[in-house]
file upload.txt (compact mmCIF, C-alpha atoms)
# COMPACT_ATOMS: atom_id res chain seq x y z
CA MET A 1266 28.43 37.81 -12.27
CA ASN A 1267 25.64 35.66 -10.98
CA ILE A 1268 23.75 35.86 -14.28
CA MET A 1269 26.91 34.94 -16.15
CA SER A 1270 27.62 31.90 -14.01
CA ASN A 1271 24.00 30.80 -14.35
CA SER A 1272 24.15 30.89 -18.12
CA VAL A 1273 27.44 28.98 -18.12
CA ARG A 1274 25.97 26.43 -15.76
CA GLN A 1275 22.93 26.16 -18.01
CA ARG A 1276 25.16 25.44 -21.01
CA ILE A 1277 27.16 22.84 -19.12
CA ARG A 1278 23.96 21.15 -18.01
CA SER A 1279 22.51 21.04 -21.50
CA ILE A 1280 25.69 19.34 -22.76
CA MET A 1281 25.89 17.01 -19.77
CA PHE A 1282 22.29 15.84 -20.16
CA LYS A 1283 23.11 14.53 -23.64
CA LEU A 1284 25.64 12.03 -22.27
CA PRO A 1285 24.72 8.34 -22.09
CA LEU A 1286 22.46 7.43 -19.15
CA MET A 1287 21.70 11.09 -18.61
CA ILE A 1288 18.24 12.61 -18.91
CA THR A 1289 17.15 16.21 -19.24
CA CYS A 1290 15.16 18.01 -16.53
CA ALA A 1291 12.10 17.76 -18.79
CA GLU A 1292 12.54 13.98 -18.95
CA PHE A 1293 13.19 13.88 -15.21
CA GLU A 1294 9.87 15.66 -14.69
CA ALA A 1295 7.97 12.82 -16.34
CA PHE A 1296 9.29 10.32 -13.78
CA VAL A 1297 8.70 12.24 -10.56
CA THR A 1298 5.39 10.61 -9.56
CA ALA A 1299 6.60 7.11 -10.41
CA TYR A 1300 9.82 7.75 -8.45
CA LEU A 1301 7.88 8.85 -5.35
CA ASP A 1302 5.51 5.86 -5.77
CA GLY A 1303 8.49 3.53 -5.90
CA SER A 1304 7.31 2.17 -9.24
CA LEU A 1305 10.42 2.84 -11.35
CA SER A 1306 12.51 -0.13 -12.48
CA ASN A 1307 16.01 -0.37 -10.96
CA THR A 1308 17.60 1.06 -14.08
CA GLN A 1309 15.10 3.89 -14.34
CA ARG A 1310 15.61 4.70 -10.67
CA ARG A 1311 19.40 4.81 -11.08
CA VAL A 1312 19.09 7.15 -14.07
CA PHE A 1313 16.63 9.35 -12.15
CA GLU A 1314 18.85 9.49 -9.07
CA PHE A 1315 21.93 10.19 -11.16
CA HIS A 1316 20.20 13.23 -12.63
CA LEU A 1317 19.15 14.25 -9.13
CA ALA A 1318 22.76 14.01 -7.95
CA VAL A 1319 24.14 16.28 -10.68
CA CYS A 1320 21.26 18.78 -11.07
CA ARG A 1321 20.77 21.24 -8.24
CA GLU A 1322 17.66 22.74 -9.88
CA CYS A 1323 15.88 19.38 -9.90
CA ARG A 1324 17.03 18.63 -6.34
CA ASP A 1325 15.50 21.90 -5.14
CA TYR A 1326 12.43 21.31 -7.29
CA LEU A 1327 11.80 17.80 -5.94
CA SER A 1328 12.29 18.96 -2.38
CA ALA A 1329 9.83 21.85 -2.86
CA TYR A 1330 7.38 19.50 -4.61
CA GLN A 1331 7.44 17.17 -1.61
CA SER A 1332 7.13 20.07 0.84
CA ALA A 1333 4.06 21.27 -1.06
CA MET A 1334 2.55 17.80 -0.63
CA THR A 1335 3.32 17.84 3.09
CA VAL A 1336 1.96 21.36 3.63
CA THR A 1337 -1.23 20.45 1.75
CA ARG A 1338 -1.73 17.35 3.85
CA ASP A 1339 -1.00 19.18 7.12
CA VAL A 1340 -3.45 21.96 6.32
CA LEU A 1341 -6.20 19.54 5.29
CA ASP A 1342 -5.56 17.45 8.42
CA ALA A 1343 -5.99 20.59 10.52
CA GLU A 1344 -9.24 21.37 8.66
CA THR A 1345 -10.45 17.82 9.31
CA ALA A 1346 -9.66 18.12 13.01
CA ASP A 1347 -11.73 21.34 13.13
CA THR A 1348 -14.65 19.69 11.34
CA LEU A 1349 -14.54 16.69 13.69
CA ALA A 1350 -14.40 18.92 16.75
CA ASP A 1351 -17.47 20.86 15.72
CA VAL A 1352 -19.98 18.57 14.02
CA PRO A 1353 -23.10 20.64 13.25
CA GLU A 1354 -25.92 19.46 15.48
CA ASP A 1355 -28.58 20.56 12.96
CA LEU A 1356 -27.03 18.29 10.35
CA VAL A 1357 -27.17 15.32 12.77
CA SER A 1358 -30.87 16.10 13.34
CA ALA A 1359 -31.53 16.48 9.62
CA VAL A 1360 -29.90 13.15 8.80
CA LEU A 1361 -31.83 11.39 11.57
CA ALA A 1362 -35.13 12.97 10.51
CA ALA A 1363 -34.57 11.97 6.90
CA GLN A 1364 -33.74 8.43 7.99
CA LYS A 1365 -36.95 8.24 10.02
CA LEU A 1366 -38.97 9.28 6.98
CA GLN A 1367 -37.10 6.85 4.77
CA ASN A 1368 -37.81 4.05 7.25
CA ARG A 1369 -41.55 4.73 7.19
CA ARG A 1370 -41.83 4.35 3.45
CA MET B 983 -11.17 -6.33 7.14
CA GLN B 984 -14.23 -6.61 9.33
CA PRO B 985 -15.19 -3.66 11.47
CA THR B 986 -14.47 -4.06 15.14
CA ARG B 987 -17.44 -4.07 17.45
CA LYS B 988 -17.56 -1.45 20.12
CA GLY B 989 -19.96 -0.49 22.87
CA TYR B 990 -22.46 2.33 22.76
CA SER B 991 -21.13 4.15 25.72
CA GLU B 992 -18.03 5.70 24.33
CA LEU B 993 -17.21 7.41 21.11
CA ASP B 994 -13.98 5.63 20.44
CA CYS B 995 -13.66 7.77 17.34
CA ASP B 996 -13.37 10.88 19.48
CA ALA B 997 -10.44 9.55 21.43
CA GLN B 998 -8.69 8.48 18.30
CA ILE B 999 -9.52 11.70 16.52
CA LYS B 1000 -7.79 13.68 19.25
CA HIS B 1001 -4.84 11.41 18.84
CA ASN B 1002 -4.74 11.50 15.08
CA ALA B 1003 -7.42 13.35 13.19
CA SER B 1004 -6.13 12.44 9.79
CA ALA B 1005 -6.03 8.72 10.47
CA ALA B 1006 -9.59 8.86 11.76
CA ALA B 1007 -10.75 10.77 8.73
CA ARG B 1008 -9.06 8.42 6.35
CA GLY B 1009 -10.86 5.41 7.73
CA ASP B 1010 -8.63 3.99 10.44
CA CYS B 1011 -11.10 4.50 13.22
CA ASP B 1012 -13.52 1.94 14.56
CA LEU B 1013 -17.15 2.13 13.69
CA ASN B 1014 -18.67 2.34 17.16
CA LEU B 1015 -21.25 -0.20 16.27
CA PRO B 1016 -23.51 -1.62 18.94
CA GLU B 1017 -22.37 -4.77 20.69
CA SER B 1018 -24.40 -7.86 20.16
CA THR B 1019 -23.16 -9.73 23.21
CA ASP B 1020 -26.71 -10.20 24.46
CA LEU B 1021 -27.40 -12.49 21.55
CA ALA B 1022 -27.07 -16.20 22.01
CA PRO B 1023 -24.05 -17.79 20.35
CA GLY B 1024 -24.76 -18.71 16.79
CA THR B 1025 -27.44 -16.06 16.41
CA GLU B 1026 -25.04 -13.17 16.11
CA GLN B 1027 -26.33 -10.36 13.98
CA LYS B 1028 -24.18 -8.54 11.50
CA PRO B 1029 -22.67 -5.58 13.32
CA HIS B 1030 -24.64 -3.10 11.27
CA ALA B 1031 -27.99 -4.91 11.58
CA LEU B 1032 -29.43 -2.50 14.16
CA ILE B 1033 -28.56 0.66 12.26
CA GLY B 1034 -31.69 2.14 10.76
CA GLN B 1035 -33.88 -0.03 13.00
CA ASP B 1036 -32.92 0.88 16.53
CA LYS B 1037 -33.13 4.60 17.32
CA THR B 1038 -30.16 4.73 19.69
CA ALA B 1039 -27.97 2.60 17.44
CA THR B 1040 -28.85 4.78 14.46
CA GLU B 1041 -28.08 8.01 16.27
CA GLN B 1042 -24.82 6.57 17.58
CA PHE B 1043 -23.91 5.50 14.07
CA VAL B 1044 -24.71 8.91 12.59
CA ARG B 1045 -22.75 10.77 15.27
CA ALA B 1046 -19.75 8.49 14.91
CA ASN B 1047 -19.53 8.93 11.17
CA LEU B 1048 -20.94 12.31 10.27
CA GLY B 1049 -17.78 14.26 11.14
CA TRP B 1050 -15.35 12.40 8.93
CA MET B 1051 -17.91 12.19 6.11
CA LEU B 1052 -18.40 15.95 6.26
CA ALA B 1053 -14.62 16.48 6.20
CA VAL B 1054 -14.32 14.28 3.08
CA ALA B 1055 -17.20 16.08 1.36
CA LYS B 1056 -15.75 19.52 2.16
CA ARG B 1057 -12.40 18.55 0.70
CA ILE B 1058 -14.02 17.57 -2.57
CA VAL B 1059 -16.76 20.14 -3.10
CA THR B 1060 -14.96 22.92 -1.10
CA ASP B 1061 -18.27 24.64 -0.27
CA ALA B 1062 -19.45 24.05 3.32
CA ALA B 1063 -23.19 24.22 2.57
CA LEU B 1064 -22.91 21.94 -0.45
CA ALA B 1065 -20.81 19.53 1.63
CA GLU B 1066 -23.67 19.26 4.13
CA ASP B 1067 -26.09 18.39 1.31
CA VAL B 1068 -23.62 15.78 0.10
CA VAL B 1069 -23.46 14.21 3.57
CA GLN B 1070 -27.25 14.08 3.82
CA ASP B 1071 -27.49 12.37 0.44
CA ALA B 1072 -24.66 10.01 1.34
CA PHE B 1073 -26.38 8.95 4.57
CA SER B 1074 -29.64 8.44 2.69
CA ASN B 1075 -27.74 6.19 0.30
CA VAL B 1076 -26.09 4.33 3.17
CA PHE B 1077 -29.41 3.66 4.91
CA LYS B 1078 -31.04 2.60 1.66
CA ASN B 1079 -28.31 0.14 0.78
CA LEU B 1080 -27.25 -1.07 4.20
CA GLU B 1081 -29.27 -4.26 3.80
CA THR B 1082 -27.43 -5.13 0.64
CA PHE B 1083 -24.03 -4.32 2.13
CA ARG B 1084 -22.40 -7.71 2.07
CA GLY B 1085 -19.65 -7.09 4.54
CA ASP B 1086 -16.91 -8.10 2.15
CA ALA B 1087 -15.30 -4.72 2.68
CA ALA B 1088 -15.11 -2.69 5.88
CA LEU B 1089 -18.31 -0.70 6.36
CA LYS B 1090 -16.29 2.47 6.63
CA THR B 1091 -14.53 1.83 3.32
CA TRP B 1092 -17.91 1.29 1.69
CA MET B 1093 -19.26 4.52 3.20
CA HIS B 1094 -16.11 6.40 2.18
CA ARG B 1095 -16.79 5.49 -1.43
CA ILE B 1096 -20.44 6.48 -1.13
CA VAL B 1097 -19.64 9.95 0.21
CA ILE B 1098 -16.95 10.48 -2.43
CA ASN B 1099 -19.29 9.42 -5.23
CA GLN B 1100 -21.98 11.71 -3.91
CA ALA B 1101 -19.50 14.60 -3.70
CA LEU B 1102 -18.26 14.00 -7.25
CA MET B 1103 -21.84 14.01 -8.51
CA ALA B 1104 -22.54 17.28 -6.70
CA LEU B 1105 -19.40 18.80 -8.15
CA ARG B 1106 -20.34 17.74 -11.68
CA LYS B 1107 -23.79 19.26 -11.27
CA GLN B 1108 -22.44 22.47 -9.90
CA ARG B 1109 -19.88 23.28 -12.64
CA ARG B 1110 -18.18 26.10 -10.89
CA ARG B 1111 -16.60 29.29 -12.19
CA LYS B 1112 -14.41 29.29 -15.24
CA GLU B 1113 -11.22 27.48 -14.40
CA GLN B 1114 -7.74 28.83 -14.75
CA PRO B 1115 -5.82 26.67 -17.22
CA ILE B 1116 -3.22 24.58 -15.41
CA ASP B 1117 -0.52 25.03 -18.09
CA GLU B 1118 0.75 28.31 -16.71
CA LEU B 1119 1.28 26.67 -13.33
CA LEU B 1120 3.43 23.85 -14.68
CA PRO B 1121 7.26 23.75 -14.59
CA GLU B 1122 9.10 25.37 -17.50
CA PHE B 1123 12.12 24.16 -19.44
CA ASP B 1124 14.41 25.80 -21.97
CA GLY B 1125 15.06 24.48 -25.49
CA SER B 1126 17.60 21.94 -24.18
CA GLY B 1127 15.18 20.54 -21.63
CA CYS B 1128 16.86 22.34 -18.70
CA ARG B 1129 14.64 23.45 -15.86
CA ILE B 1130 13.91 27.16 -15.62
CA ASP B 1131 12.67 27.47 -12.11
CA GLU B 1132 12.94 30.12 -9.46
CA PRO B 1133 14.47 28.60 -6.33
CA SER B 1134 11.73 28.23 -3.71
CA MET B 1135 11.96 28.47 0.06
CA LEU B 1136 9.58 25.51 0.05
CA SER B 1137 12.56 23.27 -0.61
CA HIS B 1138 13.89 24.12 2.86
CA LEU B 1139 10.64 23.56 4.69
CA ALA B 1140 11.34 20.00 5.73
CA GLN B 1141 13.13 21.26 8.85
CA THR B 1142 10.60 23.99 9.66
CA PRO B 1143 8.54 23.63 12.83
CA GLU B 1144 4.95 22.71 12.07
CA ALA B 1145 3.56 25.63 14.07
CA LEU B 1146 5.17 28.06 11.65
CA LEU B 1147 3.43 26.44 8.71
CA LEU B 1148 -0.01 26.24 10.19
CA SER B 1149 -0.86 29.69 11.48
CA SER B 1150 -4.48 30.50 10.75
CA ASP B 1151 -3.58 32.96 7.99
CA ARG B 1152 -1.28 30.52 6.33
CA ARG B 1153 -3.90 27.80 6.47
CA GLN B 1154 -6.37 30.06 4.68
CA GLN B 1155 -3.76 30.95 2.06
CA VAL B 1156 -2.92 27.30 1.45
CA LEU B 1157 -6.63 26.43 1.16
CA ALA B 1158 -7.12 29.28 -1.30
CA SER B 1159 -4.17 27.98 -3.36
CA ILE B 1160 -5.62 24.46 -3.43
CA ASP B 1161 -8.92 25.99 -4.55
CA ARG B 1162 -7.19 27.67 -7.49
CA LEU B 1163 -6.42 24.28 -9.04
CA PRO B 1164 -8.87 23.29 -11.77
CA ASP B 1165 -11.44 20.87 -10.28
CA SER B 1166 -10.46 17.98 -12.53
CA TYR B 1167 -6.89 18.15 -11.18
CA ARG B 1168 -7.75 19.07 -7.59
CA VAL B 1169 -10.13 16.11 -7.27
CA VAL B 1170 -7.48 13.65 -8.44
CA LEU B 1171 -5.00 15.17 -5.95
CA MET B 1172 -7.55 14.85 -3.13
CA LEU B 1173 -8.48 11.27 -3.93
CA ARG B 1174 -4.89 10.06 -4.36
CA ASP B 1175 -2.94 12.09 -1.78
CA ILE B 1176 -5.53 12.80 0.89
CA GLU B 1177 -8.15 10.04 0.62
CA GLU B 1178 -5.29 7.64 -0.17
CA MET B 1179 -7.11 5.79 -2.92
CA SER B 1180 -5.19 3.78 -5.52
CA THR B 1181 -4.73 4.97 -9.09
CA ALA B 1182 -7.11 2.23 -10.25
CA GLU B 1183 -9.80 3.26 -7.76
CA VAL B 1184 -9.52 6.92 -8.74
CA ALA B 1185 -9.72 5.97 -12.41
CA GLU B 1186 -12.88 3.98 -11.73
CA MET B 1187 -14.54 6.75 -9.74
CA THR B 1188 -13.68 9.60 -12.08
CA GLY B 1189 -13.97 7.80 -15.41
CA LEU B 1190 -10.40 8.77 -16.33
CA THR B 1191 -7.81 6.31 -17.59
CA GLU B 1192 -5.11 5.27 -15.11
CA THR B 1193 -2.49 7.07 -17.20
CA ASN B 1194 -4.58 10.21 -17.08
CA VAL B 1195 -4.94 9.92 -13.30
CA LYS B 1196 -1.15 9.73 -12.95
CA VAL B 1197 -0.59 12.70 -15.26
CA ARG B 1198 -3.20 14.82 -13.48
CA LEU B 1199 -1.86 13.92 -10.06
CA HIS B 1200 1.63 15.02 -11.06
CA ARG B 1201 0.42 18.22 -12.68
CA ALA B 1202 -1.75 19.07 -9.69
CA ARG B 1203 1.19 18.61 -7.31
CA ALA B 1204 3.53 20.59 -9.56
CA ALA B 1205 0.98 23.41 -9.90
CA LEU B 1206 0.43 23.47 -6.17
CA LYS B 1207 4.19 23.69 -5.62
CA LYS B 1208 4.20 26.80 -7.81
CA LEU B 1209 1.14 28.28 -6.10
CA LEU B 1210 2.45 27.65 -2.60
CA SER B 1211 6.01 28.87 -3.22
CA PRO B 1212 5.26 32.61 -2.91
CA LEU B 1213 3.49 32.01 0.40
CA PHE B 1214 6.70 30.82 1.97
CA GLU B 1215 9.07 33.44 0.63
CA GLY B 1216 10.66 35.26 3.51
CA THR B 1217 9.82 32.47 5.92
CA ALA B 1218 12.42 32.46 8.67
CA LEU B 1219 14.19 29.14 8.50

call {"tool": "encode", "arguments": {"input": "upload.txt", "output": "structure tokens"}}
result
Amino acid sequence: MNIMSNSVRQRIRSIMFKLPLMITCAEFEAFVTAYLDGSLSNTQRRVFEFHLAVCRECRDYLSAYQSAMTVTRDVLDAETADTLADVPEDLVSAVLAAQKLQNRR
Amino acid sequence: MQPTRKGYSELDCDAQIKHNASAAARGDCDLNLPESTDLAPGTEQKPHALIGQDKTATEQFVRANLGWMLAVAKRIVTDAALAEDVVQDAFSNVFKNLETFRGDAALKTWMHRIVINQALMALRKQRRRKEQPIDELLPEFDGSGCRIDEPSMLSHLAQTPEALLLSSDRRQQVLASIDRLPDSYRVVLMLRDIEEMSTAEVAEMTGLTETNVKVRLHRARAALKKLLSPLFEGTAL
């Protein structure tokens, strides 16, 4: 039942995306970065958002794409906090020793 | 923007780091440079003039900046030992060129570029293991251009408490996923999304065209979405 409704939905989508001012998911994909950057023209943005409004797959996709960006940033921020909290003392000494040598030359 | 002058006595970075580690690492934190208030008016030195000359000022400078530089280097080269080498080389470069630093950019911005350049050079030299092609991690479409994509729990994560996302295990899994990206894509993702550099700056530093930077950034994010999705299946929402 579920498979059936998915294939019907798929067919409806493929017909719908051929209508004027509609884009396919593949075309939508090409605009994602520019959309998030805010660098689409007004018309492009309207077309992009129209696709987003009618296509659940792309809505889920964009949301997951943004979550992946957030998770990545959060994890790297946590890594940074760990690095900052535990600066290796031997590296500080090595940098200072190298600087001393460099200064003498 | 000129760097703000701060006293020796306190590591202002530390306070700010506790408050917001990411902002500090991305260059929003003061430089903790020695004050020059003992100088007569009109004879003010450049804030960085004592670095490399005065022992205490130099040590203060190294301590205030080594942490964030190491964090940047680790993000790019991914190997902790190599990141330490990168930081040493970056500092050597900073000390060598400090005299020629003209102060038309913030010192920290200048140093940020130095450490990134050094890390990129180290990465190029190292040429790691054979990379997995990114194509199989990119979104798929059917013949009509319709998305064929498994629904991902990631799309519901916006409302998930941060603590759930950042358990130690999960952090390691996310880091491993990032590491699976081919270097040439991962680096662009790091420079644009984490180091917050512009497309033009990334193009200049990597030698790619701006169009290529944009394409790689999008592909890296899309691939990461696919790599991270399985990690969050079954997450209680």

call {"tool": "axis_aligned_box", "arguments": {"input": "upload.txt", "around": "segment 1279-1293 of chain A", "padding_each_side": "8 Å", "output": "AutoDock Vina command-line options"}}
result
--center_x 19.0 --center_y 14.2 --center_z -19.4 --size_x 29.8 --size_y 29.6 --size_z 24.4

call {"tool": "closest_residue", "arguments": {"input": "upload.txt", "among": "B:Ser1166, B:Ser1137, B:Gln1042, B:Asn1075", "to": "chain A", "atoms": "all atoms listed in the file"}}
result
B:Ser1137

call {"tool": "interface_residues", "arguments": {"input": "upload.txt", "of": "chain B", "to": "chain A", "cutoff": "7 Å", "atoms": "all atoms listed in the file", "output": "PyMOL selection string"}}
result
chain B and resi 1003-1004+1041+1044-1045+1049-1050+1053+1070+1073-1074+1123+1126-1129+1133-1134+1136-1137+1139-1140+1148+1153+1176+1200+1203-1204+1206-1207+1210

call {"tool": "atom_distance", "arguments": {"input": "upload.txt", "atom1": "atom CA of Gly1303 of chain A", "atom2": "atom CA of Val1319 of chain A"}}
result
20.7 Å

call {"tool": "atom_distance", "arguments": {"input": "upload.txt", "atom1": "atom CA of Val1273 of chain A", "atom2": "atom CA of Glu1132 of chain B"}}
result
16.9 Å

call {"tool": "closest_residue", "arguments": {"input": "upload.txt", "among": "A:Arg1369, A:Ala1362, A:Asn1307, A:Phe1315", "to": "Met1287 of chain A", "atoms": "all atoms listed in the file"}}
result
A:Phe1315

call {"tool": "residues_around", "arguments": {"input": "upload.txt", "residues": "segment 1183-1197 of chain B", "least_positions_apart": "4", "cutoff": "10 Å", "atoms": "only C-alpha atoms", "output": "list in words"}}
result
Ala1295, Thr1298 and Ala1299 of chain A; Arg1095, Ile1098, Asn1099, Leu1102, Met1103, Ser1166, Tyr1167, Val1169, Val1170, Leu1171, Met1172, Leu1173, Arg1174, Glu1177, Glu1178, Met1179, Arg1201 and Ala1202 of chain B

call {"tool": "write_last_selection", "arguments": {"input": "upload.txt", "atoms": "C-alpha atoms", "output": "PDB file, keeping the file's coordinate frame"}}
result
ATOM      1  CA  ALA A1295       7.970  12.820 -16.340  1.00  0.00           C
ATOM      2  CA  THR A1298       5.390  10.610  -9.560  1.00  0.00           C
ATOM      3  CA  ALA A1299       6.600   7.110 -10.410  1.00  0.00           C
TER       4      ALA A1299
ATOM      5  CA  ARG B1095     -16.790   5.490  -1.430  1.00  0.00           C
ATOM      6  CA  ILE B1098     -16.950  10.480  -2.430  1.00  0.00           C
ATOM      7  CA  ASN B1099     -19.290   9.420  -5.230  1.00  0.00           C
ATOM      8  CA  LEU B1102     -18.260  14.000  -7.250  1.00  0.00           C
ATOM      9  CA  MET B1103     -21.840  14.010  -8.510  1.00  0.00           C
ATOM     10  CA  SER B1166     -10.460  17.980 -12.530  1.00  0.00           C
ATOM     11  CA  TYR B1167      -6.890  18.150 -11.180  1.00  0.00           C
ATOM     12  CA  VAL B1169     -10.130  16.110  -7.270  1.00  0.00           C
ATOM     13  CA  VAL B1170      -7.480  13.650  -8.440  1.00  0.00           C
ATOM     14  CA  LEU B1171      -5.000  15.170  -5.950  1.00  0.00           C
ATOM     15  CA  MET B1172      -7.550  14.850  -3.130  1.00  0.00           C
ATOM     16  CA  LEU B1173      -8.480  11.270  -3.930  1.00  0.00           C
ATOM     17  CA  ARG B1174      -4.890  10.060  -4.360  1.00  0.00           C
ATOM     18  CA  GLU B1177      -8.150  10.040   0.620  1.00  0.00           C
ATOM     19  CA  GLU B1178      -5.290   7.640  -0.170  1.00  0.00           C
ATOM     20  CA  MET B1179      -7.110   5.790  -2.920  1.00  0.00           C
ATOM     21  CA  ARG B1201       0.420  18.220 -12.680  1.00  0.00           C
ATOM     22  CA  ALA B1202      -1.750  19.070  -9.690  1.00  0.00           C
TER      23      ALA B1202
END

call {"tool": "residues_around", "arguments": {"input": "upload.txt", "residues": "Val1097 of chain B", "least_positions_apart": "4", "cutoff": "10 Å", "atoms": "all atoms listed in the file", "output": "ChimeraX atom specification"}}
result
/B:1051-1052,1054-1055,1058,1065,1068-1073,1075-1076,1092-1093,1101-1103

call {"tool": "atom_distance", "arguments": {"input": "upload.txt", "atom1": "atom CA of Ser1159 of chain B", "atom2": "atom CA of Ala1063 of chain B"}}
result
20.3 Å

call {"tool": "build_atoms", "arguments": {"input": "upload.txt", "residues": "segment 1322-1334 of chain A", "atoms": "N, CA and C atoms", "output": "compact mmCIF listing (two decimals), in the coordinates of the input"}}
result
# COMPACT_ATOMS: atom_id res chain seq x y z
N GLU A 1322 19.01 22.21 -9.63
CA GLU A 1322 17.66 22.74 -9.88
C GLU A 1322 16.60 21.66 -9.62
N CYS A 1323 16.87 20.45 -10.10
CA CYS A 1323 15.88 19.38 -9.90
C CYS A 1323 15.85 18.91 -8.45
N ARG A 1324 17.01 18.97 -7.78
CA ARG A 1324 17.03 18.63 -6.34
C ARG A 1324 16.14 19.60 -5.57
N ASP A 1325 16.32 20.89 -5.83
CA ASP A 1325 15.50 21.90 -5.14
C ASP A 1325 14.02 21.73 -5.51
N TYR A 1326 13.81 21.46 -6.81
CA TYR A 1326 12.43 21.31 -7.29
C TYR A 1326 11.74 20.14 -6.57
N LEU A 1327 12.41 18.98 -6.54
CA LEU A 1327 11.80 17.80 -5.94
C LEU A 1327 11.52 18.03 -4.45
N SER A 1328 12.46 18.69 -3.80
CA SER A 1328 12.29 18.96 -2.38
C SER A 1328 11.08 19.89 -2.15
N ALA A 1329 10.97 20.92 -2.99
CA ALA A 1329 9.83 21.85 -2.86
C ALA A 1329 8.51 21.15 -3.19
N TYR A 1330 8.56 20.27 -4.19
CA TYR A 1330 7.38 19.50 -4.61
C TYR A 1330 6.89 18.65 -3.44
N GLN A 1331 7.83 18.01 -2.75
CA GLN A 1331 7.44 17.17 -1.61
C GLN A 1331 6.95 18.01 -0.44
N SER A 1332 7.60 19.18 -0.24
CA SER A 1332 7.13 20.07 0.84
C SER A 1332 5.71 20.55 0.56
N ALA A 1333 5.41 20.83 -0.70
CA ALA A 1333 4.06 21.27 -1.06
C ALA A 1333 3.05 20.18 -0.71
N MET A 1334 3.44 18.92 -0.97
CA MET A 1334 2.55 17.80 -0.63
C MET A 1334 2.33 17.73 0.88
